[in-house]
Every structure is written in C-alpha cells, then in structure tokens.
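Asker: This one is target-v4.cif, mmCIF, C-alpha atoms.
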data_work
loop_
_atom_site.label_atom_id
_atom_site.label_comp_id
_atom_site.auth_asym_id
_atom_site.auth_seq_id
_atom_site.Cartn_x
_atom_site.Cartn_y
_atom_site.Cartn_z
CA MET A 324 10.93 4.20 -16.50
CA ARG A 325 7.72 2.17 -16.17
CA ILE A 326 6.17 1.47 -12.75
CA LEU A 327 3.28 -0.91 -12.18
CA VAL A 328 0.91 0.31 -9.46
CA VAL A 329 -1.28 -2.61 -8.38
CA ASN A 330 -4.53 -2.09 -6.54
CA VAL A 331 -5.24 -4.90 -4.05
CA ASN A 332 -8.99 -4.87 -4.63
CA THR A 333 -11.09 -5.28 -7.77
CA THR A 334 -12.84 -1.89 -7.76
CA ARG A 335 -11.61 -0.18 -10.92
CA SER A 336 -12.57 3.31 -9.81
CA ILE A 337 -10.18 2.91 -6.86
CA THR A 338 -7.50 1.70 -9.27
CA ASP A 339 -8.12 4.82 -11.36
CA SER A 340 -7.80 7.07 -8.29
CA ILE A 341 -4.60 5.38 -7.17
CA GLY A 342 -3.18 5.57 -10.68
CA ALA A 343 -4.00 9.26 -10.99
CA GLN A 344 -2.32 10.03 -7.66
CA ALA A 345 0.73 8.03 -8.67
CA ALA A 346 0.93 9.85 -11.99
CA ARG A 347 0.82 13.23 -10.22
CA ALA A 348 3.73 12.16 -8.02
CA ALA A 349 5.82 10.68 -10.85
CA SER A 350 8.76 12.48 -12.40
CA PRO A 351 8.80 13.43 -16.09
CA GLY A 352 9.65 10.33 -18.08
CA THR A 353 8.08 7.91 -15.59
CA GLU A 354 5.11 5.95 -16.94
CA ILE A 355 2.58 4.79 -14.36
CA VAL A 356 0.66 1.62 -15.27
CA PRO A 357 -2.30 0.98 -12.92
CA LEU A 358 -3.40 -2.66 -12.58
CA THR A 359 -6.58 -4.19 -11.17
CA PRO A 360 -6.50 -7.87 -10.12
CA SER A 361 -8.70 -10.19 -12.17
CA PHE A 362 -10.18 -11.79 -9.04
CA GLY A 363 -10.66 -10.92 -5.39
CA ALA A 364 -12.83 -8.76 -3.19
CA GLU A 365 -14.23 -5.34 -4.12
CA SER A 366 -12.51 -3.98 -1.00
CA VAL A 367 -9.94 -5.54 1.33
CA GLU A 368 -10.80 -5.23 5.01
CA GLY A 369 -9.64 -8.38 6.75
CA ASN A 370 -7.24 -11.32 6.71
CA TYR A 371 -9.14 -13.57 4.30
CA GLU A 372 -9.53 -10.82 1.72
CA SER A 373 -5.91 -9.76 2.23
CA TYR A 374 -4.47 -13.23 1.61
CA LEU A 375 -6.72 -13.59 -1.45
CA ALA A 376 -5.50 -10.20 -2.67
CA ALA A 377 -1.88 -11.24 -2.23
CA VAL A 378 -2.34 -14.08 -4.73
CA ALA A 379 -4.39 -11.89 -7.07
CA VAL A 380 -1.75 -9.15 -7.09
CA MET A 381 1.05 -11.61 -7.81
CA GLU A 382 -0.93 -13.11 -10.69
CA ALA A 383 -1.76 -9.65 -12.11
CA VAL A 384 1.92 -8.76 -12.15
CA ARG A 385 2.99 -12.14 -13.58
CA ALA A 386 0.44 -11.77 -16.39
CA HIS A 387 1.49 -8.26 -17.39
CA PRO A 388 2.85 -8.58 -20.93
CA GLU A 389 5.19 -5.60 -21.11
CA PRO A 390 8.51 -4.94 -19.30
CA PHE A 391 8.53 -2.77 -16.18
CA ASP A 392 11.12 -1.29 -13.84
CA ALA A 393 9.37 -1.42 -10.43
CA VAL A 394 6.15 -2.51 -8.76
CA ILE A 395 4.10 -0.72 -6.12
CA GLN A 396 1.66 -2.75 -4.04
CA ALA A 397 -1.09 -0.24 -3.28
CA GLY A 398 -2.73 -1.82 -0.25
CA TYR A 399 -2.26 -0.67 3.33
CA GLY A 400 -1.31 -3.42 5.75
CA GLU A 401 -1.90 -6.16 3.19
CA HIS A 402 -0.04 -9.41 2.65
CA GLY A 403 1.98 -10.31 -0.42
CA ARG A 404 4.93 -7.95 -0.74
CA GLU A 405 7.37 -10.74 0.15
CA GLY A 406 5.98 -13.01 -2.57
CA LEU A 407 6.40 -10.28 -5.17
CA GLN A 408 9.97 -9.79 -4.06
CA GLU A 409 10.68 -13.49 -4.62
CA LEU A 410 9.10 -13.44 -8.05
CA LEU A 411 10.65 -10.24 -9.43
CA ASP A 412 14.08 -8.88 -10.20
CA VAL A 413 12.89 -5.26 -9.99
CA PRO A 414 12.21 -3.16 -6.86
CA VAL A 415 8.94 -3.82 -5.02
CA VAL A 416 7.55 -1.09 -2.76
CA ASP A 417 4.58 -1.49 -0.41
CA ILE A 418 2.68 1.72 0.36
CA THR A 419 2.45 0.88 4.08
CA GLU A 420 6.20 0.73 4.43
CA ALA A 421 6.79 3.65 2.06
CA ALA A 422 4.59 5.96 4.13
CA ALA A 423 6.01 4.89 7.50
CA SER A 424 9.64 5.09 6.42
CA THR A 425 9.06 8.54 4.92
CA ALA A 426 7.37 9.71 8.13
CA GLN A 427 10.50 8.98 10.11
CA PHE A 428 12.38 11.68 8.19
CA LEU A 429 9.78 14.26 9.22
CA GLY A 430 9.14 13.77 12.93
CA ARG A 431 9.98 11.73 16.00
CA SER A 432 6.72 9.78 15.91
CA TYR A 433 3.92 9.12 13.45
CA SER A 434 0.38 7.79 13.53
CA VAL A 435 -1.61 5.96 10.89
CA VAL A 436 -5.26 6.80 10.28
CA THR A 437 -7.01 3.97 8.47
CA THR A 438 -10.53 2.83 7.63
CA LEU A 439 -12.30 0.27 9.85
CA ASP A 440 -11.07 -0.83 13.26
CA ARG A 441 -10.73 -4.44 12.09
CA THR A 442 -7.85 -3.39 9.80
CA VAL A 443 -5.81 -1.88 12.65
CA PRO A 444 -4.17 -5.19 13.69
CA LEU A 445 -3.15 -5.94 10.09
CA ILE A 446 -1.40 -2.58 9.81
CA GLU A 447 0.27 -2.98 13.21
CA GLU A 448 1.56 -6.41 12.18
CA ARG A 449 2.86 -5.14 8.83
CA LEU A 450 4.72 -2.27 10.51
CA HIS A 451 6.20 -4.68 13.05
CA ILE A 452 7.34 -7.14 10.36
CA ALA A 453 8.92 -4.28 8.42
CA GLY A 454 10.78 -2.98 11.50
CA LEU A 455 8.87 0.30 11.41
CA SER A 456 6.74 0.07 14.55
CA ALA A 457 9.12 1.58 17.13
CA ARG A 458 8.21 5.15 16.25
CA CYS A 459 4.54 4.50 15.52
CA ALA A 460 2.52 6.39 18.14
CA SER A 461 -0.79 4.79 17.16
CA VAL A 462 -2.92 3.27 14.43
CA ARG A 463 -6.38 4.81 14.53
CA ALA A 464 -9.57 3.87 12.68
CA SER A 465 -11.74 6.53 11.06
CA GLY A 466 -14.75 4.20 10.90
CA MET A 467 -15.05 4.70 7.14
CA ALA A 468 -15.22 1.56 4.99
CA VAL A 469 -12.98 1.53 1.92
CA LEU A 470 -15.86 1.98 -0.51
CA ASP A 471 -17.28 4.82 1.61
CA LEU A 472 -14.20 6.89 0.80
CA GLU A 473 -15.41 7.25 -2.77
CA ARG A 474 -19.09 7.68 -2.01
CA ASP A 475 -18.70 10.71 0.28
CA GLU A 476 -15.32 12.44 0.13
CA LYS A 477 -16.33 15.22 2.52
CA ALA A 478 -17.43 12.73 5.18
CA ALA A 479 -14.21 10.79 4.62
CA VAL A 480 -12.03 13.87 5.07
CA ASP A 481 -13.97 14.86 8.20
CA ALA A 482 -13.61 11.41 9.79
CA ILE A 483 -9.93 11.04 8.87
CA ALA A 484 -9.05 14.57 9.98
CA GLU A 485 -10.85 14.07 13.29
CA GLU A 486 -8.83 10.94 14.10
CA ALA A 487 -5.63 12.57 12.84
CA GLY A 488 -6.23 15.50 15.18
CA ARG A 489 -6.72 13.13 18.09
CA ALA A 490 -3.51 11.31 17.18
CA VAL A 491 -1.62 14.61 17.29
CA ARG A 492 -3.22 15.79 20.56
CA GLU A 493 -3.57 12.54 22.50
CA ASP A 494 -0.88 10.25 21.05
CA ARG A 495 1.72 12.99 20.48
CA ALA A 496 2.09 12.06 16.82
CA GLU A 497 4.08 14.55 14.77
CA VAL A 498 3.32 13.08 11.34
CA ILE A 499 0.19 11.39 9.95
CA CYS A 500 0.14 8.54 7.43
CA LEU A 501 -3.05 7.93 5.47
CA GLY A 502 -3.69 4.23 6.02
CA CYS A 503 -5.51 3.18 2.84
CA GLY A 504 -4.74 3.28 -0.87
CA GLY A 505 -8.27 4.60 -1.37
CA MET A 506 -7.29 7.74 0.56
CA ALA A 507 -5.00 8.81 -2.29
CA GLY A 508 -5.47 12.51 -2.92
CA LEU A 509 -6.80 13.42 0.55
CA ALA A 510 -3.49 14.50 2.11
CA GLU A 511 -3.78 18.25 1.47
CA ALA A 512 -7.22 18.45 3.06
CA VAL A 513 -5.99 16.64 6.18
CA VAL A 514 -2.90 18.89 6.38
CA ARG A 515 -5.16 21.94 6.47
CA ARG A 516 -7.12 20.43 9.36
CA THR A 517 -4.18 19.21 11.47
CA GLY A 518 -1.18 21.42 10.71
CA VAL A 519 1.25 18.48 10.60
CA PRO A 520 2.87 16.65 7.64
CA VAL A 521 0.48 14.11 6.11
CA ILE A 522 1.84 11.31 3.94
CA ASP A 523 -0.07 9.55 1.21
CA GLY A 524 1.49 6.12 0.78
CA VAL A 525 1.02 6.03 -3.00
CA THR A 526 2.94 9.28 -3.45
CA ALA A 527 5.71 8.13 -1.12
CA ALA A 528 5.95 4.76 -2.85
CA VAL A 529 6.33 6.31 -6.31
CA THR A 530 9.17 8.52 -5.09
CA ILE A 531 10.95 5.60 -3.42
CA ALA A 532 10.49 3.30 -6.42
CA GLU A 533 11.89 5.91 -8.78
CA SER A 534 14.89 6.44 -6.50
CA LEU A 535 15.66 2.72 -6.32
CA VAL A 536 15.48 2.36 -10.08
CA ARG A 537 17.75 5.38 -10.62
CA LEU A 538 20.24 4.00 -8.09
CA GLY A 539 20.26 0.68 -9.89
CA LEU A 540 19.14 -1.17 -6.76
CA SER A 541 16.72 -4.03 -6.28
CA THR A 542 15.84 -6.80 -3.84
CA SER A 543 18.65 -8.99 -2.52
CA LYS A 544 18.28 -12.55 -3.82
CA VAL A 545 20.86 -14.34 -1.68
CA ARG A 546 18.49 -15.68 0.97
CA THR A 547 15.08 -14.44 2.12
CA TYR A 548 13.79 -13.33 -1.28
CA ALA A 549 15.56 -15.88 -3.47
CA PRO A 550 13.45 -16.92 -6.48
CA PRO A 551 10.96 -19.72 -5.86
CA ARG A 552 12.48 -23.17 -6.39
CA PRO A 553 11.32 -24.86 -9.60
CA LYS A 554 8.64 -27.40 -8.75
CA ARG A 555 5.30 -28.72 -9.89
CA ILE A 556 2.33 -26.63 -8.70
CA VAL A 557 -0.91 -28.58 -8.75
CA ASN A 558 -4.14 -27.16 -10.18
CA TRP A 559 -2.91 -23.60 -10.55
CA PRO A 560 -4.17 -21.40 -11.96
CA PRO A 561 -7.66 -22.81 -11.32
CA LYS A 562 -9.76 -23.54 -14.38
CA ALA A 563 -12.98 -21.60 -14.86
CA GLY A 564 -16.17 -23.53 -14.33
#
Output the file's structure in the form of structure tokens.
Answerer:
Amino acid sequence: MRILVVNVNTTRSITDSIGAQAARAASPGTEIVPLTPSFGAESVEGNYESYLAAVAVMEAVRAHPEPFDAVIQAGYGEHGREGLQELLDVPVVDITEAAASTAQFLGRSYSVVTTLDRTVPLIEERLHIAGLSARCASVRASGMAVLDLERDEKAAVDAIAEEAGRAVREDRAEVICLGCGGMAGLAEAVVRRTGVPVIDGVTAAVTIAESLVRLGLSTSKVRTYAPPRPKRIVNWPPKAG
C-alpha cells in the first residue's frame, strides 16, 4: 500500500517531519510518500494562503508519476479536500477531520489547540462543514506561528500544553486534538502535561486511510464528488516568466 502525505506549505523540513510521523504510524507494508507543493506559502495561516495551498496540493498530487492507494492532506483547517475527492478514485483523508472523528471515540467532547488565533475560524468552519462541530468544546490558539514550532520545540510544547490544560479545565474537553500538521510528534509531551488523550491528526489520518484501503472503500462518485466535467481550462497551468 502506498499513501501520499501532502504538506500544504512549501517548507520541506515540515514535510519531512510530517512524513516521519506518518511513517511511524504506518503498518508494515505501507509506504509513506511525503510531498511538498511546488508553489505556495512557506506556512499557511489564513484564507488566501489556504486557497493557494488547495490548488498547489491538487497539482502536486496530479503530477505524481507513480500509482498510489490513498492521499492524506496534511493541513489543519485548510481548503481543498473536496477538490481532491473529485479528482481521485482513491480515498482522501484530511487530518482535521481524521483527528476530530477519532476524538469522538475517546470522549464526549474534544478541543483543538492550534497555532495563531487567526486560524481558529478556518478550523471551526472546516469542522462545521464536515459535520464534526457538535462535540467540539473549543478551538484554542497557542499563539505559536507554524514556523515557530520547529524553531523552539520546548516553547511550542509549553504553549500548546498550557492551552490544552485550559481546554480541559475551562471548556470541559475530554480529548485534545493538535491543530496543525507541524505539531506532528508532540502528542506524547502534551499527554504528560494534561492527562487526557491527545490526537495527532497525521497519525489518525494514516490509520484511517489504511483502513479504507483495506476495506476496499473510496469516495462516492454519484453526485457531490463526481469527476470534473471535461472542459477547456484557460491558461492553466500558468507559464513561468
């Protein structure tokens, strides 16, 4: 089984971190192929960058030369999953939805701890669209920018754990979801600080993708995610220069 794990930003070190976390979660015999988009922002922290990333991710997947069995979109609260589902005949799993759906097996309510406050509405909207918001106690911001997560892991763990603790105490959350692909690998440290289950979306997405492939299931094509209609697309992809 081969699973593409696509970073939504263009920072290769984050792709490497996401890929390593996915590989640790994968079953024997599953090959993880990390992909970095060829264009886009170095980190995705707003609507403009998210819509740009959606196109970049779709193009990265379309350009991949080898066959694959599933795709994971490794961006939290980002746009584009629906487009991938139209384009592909294999399962597509978004880490936002993978984490939230997994959380609902583990407690009555969950909270998401993300990066900057400006990303909170994007995550809330994605959870609402996916039908996963009813049991979301809160989406909290740690105040750490995406690129800060790599620069100072201790500070990142401290900030995330502090907000996770507040979510448990003040919002009555029983499970915590790490709300950024760049937080891959931080779950154990946050568990030690909070005492509740902590879900890394990359890990959850790998497990779900593997299960769908083994069950022989993929996206329904009868209506919402039917393949794009054949038509002329003007000036795409754009020419360099």
Asker: Could you work out how far atom CA of Thr333 of chain A lies from atom CA of Ala364 of chain A, giving the answer in Å with one decimal?
Answerer: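 Calculated distance between atom CA of Ala364 of chain A and atom CA of Thr333 of chain A is 6.0 Å.
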Asker: Provide the atom CA of Val545 of chain A to atom CA of Asp392 of chain A distance in Å, to one decimal place.
Answerer: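 Going from atom CA of Val545 of chain A over to atom CA of Asp392 of chain A covers 20.3 Å.
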Asker: When you count all atoms listed in the file, which of these residues is closest to Thr437 of chain A: A:Ala386, A:Ala490, A:Ala343, A:Leu375?
Answerer: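 Among the listed residues, the smallest separation from Thr437 of chain A belongs to A:Ala490.
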Asker: Nearest to Ser461 of chain A among A:Ala482, A:Ala423, A:Val378, A:Val519, with distances taken over all atoms listed in the file: which residue is it?
Answerer: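 That would be A:Ala423, the residue with the smallest distance to Ser461 of chain A.
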Asker: Quick one: distance from atom CA of Ala532 of chain A to atom CA of Ala421 of chain A in Å, one decimal?
Answerer: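 Atom CA of Ala532 of chain A sits 9.3 Å away from atom CA of Ala421 of chain A.
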Asker: Taking the file as I've supplied it (selection: the PyMOL selection byres ((chain A and resi 393-403) around 6)), which residues are included? Please answer as a PyMOL selection string.
Answerer: chain A and resi 326-331+373-374+377+391-392+404-406+413-419+445-446+449+502-504
Asker: List, as JSON, numbers by chain, every residue that the PyMOL selection byres ((chain A and resi 521) around 8) selects in the file provided.
Answerer: {"A": [498, 499, 500, 501, 510, 511, 513, 514, 519, 520, 522, 523]}
Asker: Deliver the residues from the most recent selection as a file, using C-alpha atoms, as a PDB file, keeping the file's coordinate frame.
Answerer:
ATOM      1  CA  VAL A 498       3.320  13.080  11.340  1.00  0.00           C
ATOM      2  CA  ILE A 499       0.190  11.390   9.950  1.00  0.00           C
ATOM      3  CA  CYS A 500       0.140   8.540   7.430  1.00  0.00           C
ATOM      4  CA  LEU A 501      -3.050   7.930   5.470  1.00  0.00           C
ATOM      5  CA  ALA A 510      -3.490  14.500   2.110  1.00  0.00           C
ATOM      6  CA  GLU A 511      -3.780  18.250   1.470  1.00  0.00           C
ATOM      7  CA  VAL A 513      -5.990  16.640   6.180  1.00  0.00           C
ATOM      8  CA  VAL A 514      -2.900  18.890   6.380  1.00  0.00           C
ATOM      9  CA  VAL A 519       1.250  18.480  10.600  1.00  0.00           C
ATOM     10  CA  PRO A 520       2.870  16.650   7.640  1.00  0.00           C
ATOM     11  CA  ILE A 522       1.840  11.310   3.940  1.00  0.00           C
ATOM     12  CA  ASP A 523      -0.070   9.550   1.210  1.00  0.00           C
TER      13      ASP A 523
END
Asker: Skip Arg441 of chain A itself and residues of its chain fewer than 3 positions away, then list as a ChimeraX atom specification all residues within 10 Å of it, counting only C-alpha atoms.
Answerer: /A:368-370,437-438,444-446,464,466
Asker: Using the chain letters and numbers from the file, which residues does the PyMOL selection byres ((chain A and resi 516) around 10) grab, as a list in words?
Answerer: Val480, Asp481, Ile483, Ala484, Glu485, Ala487, Gly488, Glu511, Ala512, Val513, Val514, Arg515, Thr517, Gly518 and Val519 of chain A
Asker: Selected residues, C-alpha atoms, written as a PDB file, in the frame of the given file, please.
Answerer:
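Once written, out.pdb looks like this:
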ATOM      1  CA  VAL A 480     -12.030  13.870   5.070  1.00  0.00           C
ATOM      2  CA  ASP A 481     -13.970  14.860   8.200  1.00  0.00           C
ATOM      3  CA  ILE A 483      -9.930  11.040   8.870  1.00  0.00           C
ATOM      4  CA  ALA A 484      -9.050  14.570   9.980  1.00  0.00           C
ATOM      5  CA  GLU A 485     -10.850  14.070  13.290  1.00  0.00           C
ATOM      6  CA  ALA A 487      -5.630  12.570  12.840  1.00  0.00           C
ATOM      7  CA  GLY A 488      -6.230  15.500  15.180  1.00  0.00           C
ATOM      8  CA  GLU A 511      -3.780  18.250   1.470  1.00  0.00           C
ATOM      9  CA  ALA A 512      -7.220  18.450   3.060  1.00  0.00           C
ATOM     10  CA  VAL A 513      -5.990  16.640   6.180  1.00  0.00           C
ATOM     11  CA  VAL A 514      -2.900  18.890   6.380  1.00  0.00           C
ATOM     12  CA  ARG A 515      -5.160  21.940   6.470  1.00  0.00           C
ATOM     13  CA  THR A 517      -4.180  19.210  11.470  1.00  0.00           C
ATOM     14  CA  GLY A 518      -1.180  21.420  10.710  1.00  0.00           C
ATOM     15  CA  VAL A 519       1.250  18.480  10.600  1.00  0.00           C
TER      16      VAL A 519
END
Asker: Measuring between all atoms listed in the file, which one of A:Glu409, A:Thr425, A:Val491, A:Val436 shows the shortest distance to Pro551 of chain A?
Answerer: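 Of A:Glu409, A:Thr425, A:Val491, A:Val436, the one nearest Pro551 of chain A is A:Glu409, counting all atoms listed in the file.
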Asker: I'd like to know which of A:Pro357, A:Ala376, A:Leu535, A:Glu420 is closest to Gly454 of chain A, using all atoms listed in the file.
Answerer: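 Result for the nearest residue to Gly454 of chain A: A:Glu420.
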Asker: For Trp559 of chain A, which residue out of A:Asn332, A:Val525, A:Arg325, A:Glu382 is the nearest one, using only C-alpha atoms?
Answerer: A:Glu382
Asker: I'd like to know which of A:Tyr371, A:Val443, A:Pro560, A:Arg552 is closest to Arg385 of chain A, using only C-alpha atoms.
Answerer: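 Among the listed residues, A:Pro560 lies closest to Arg385 of chain A.
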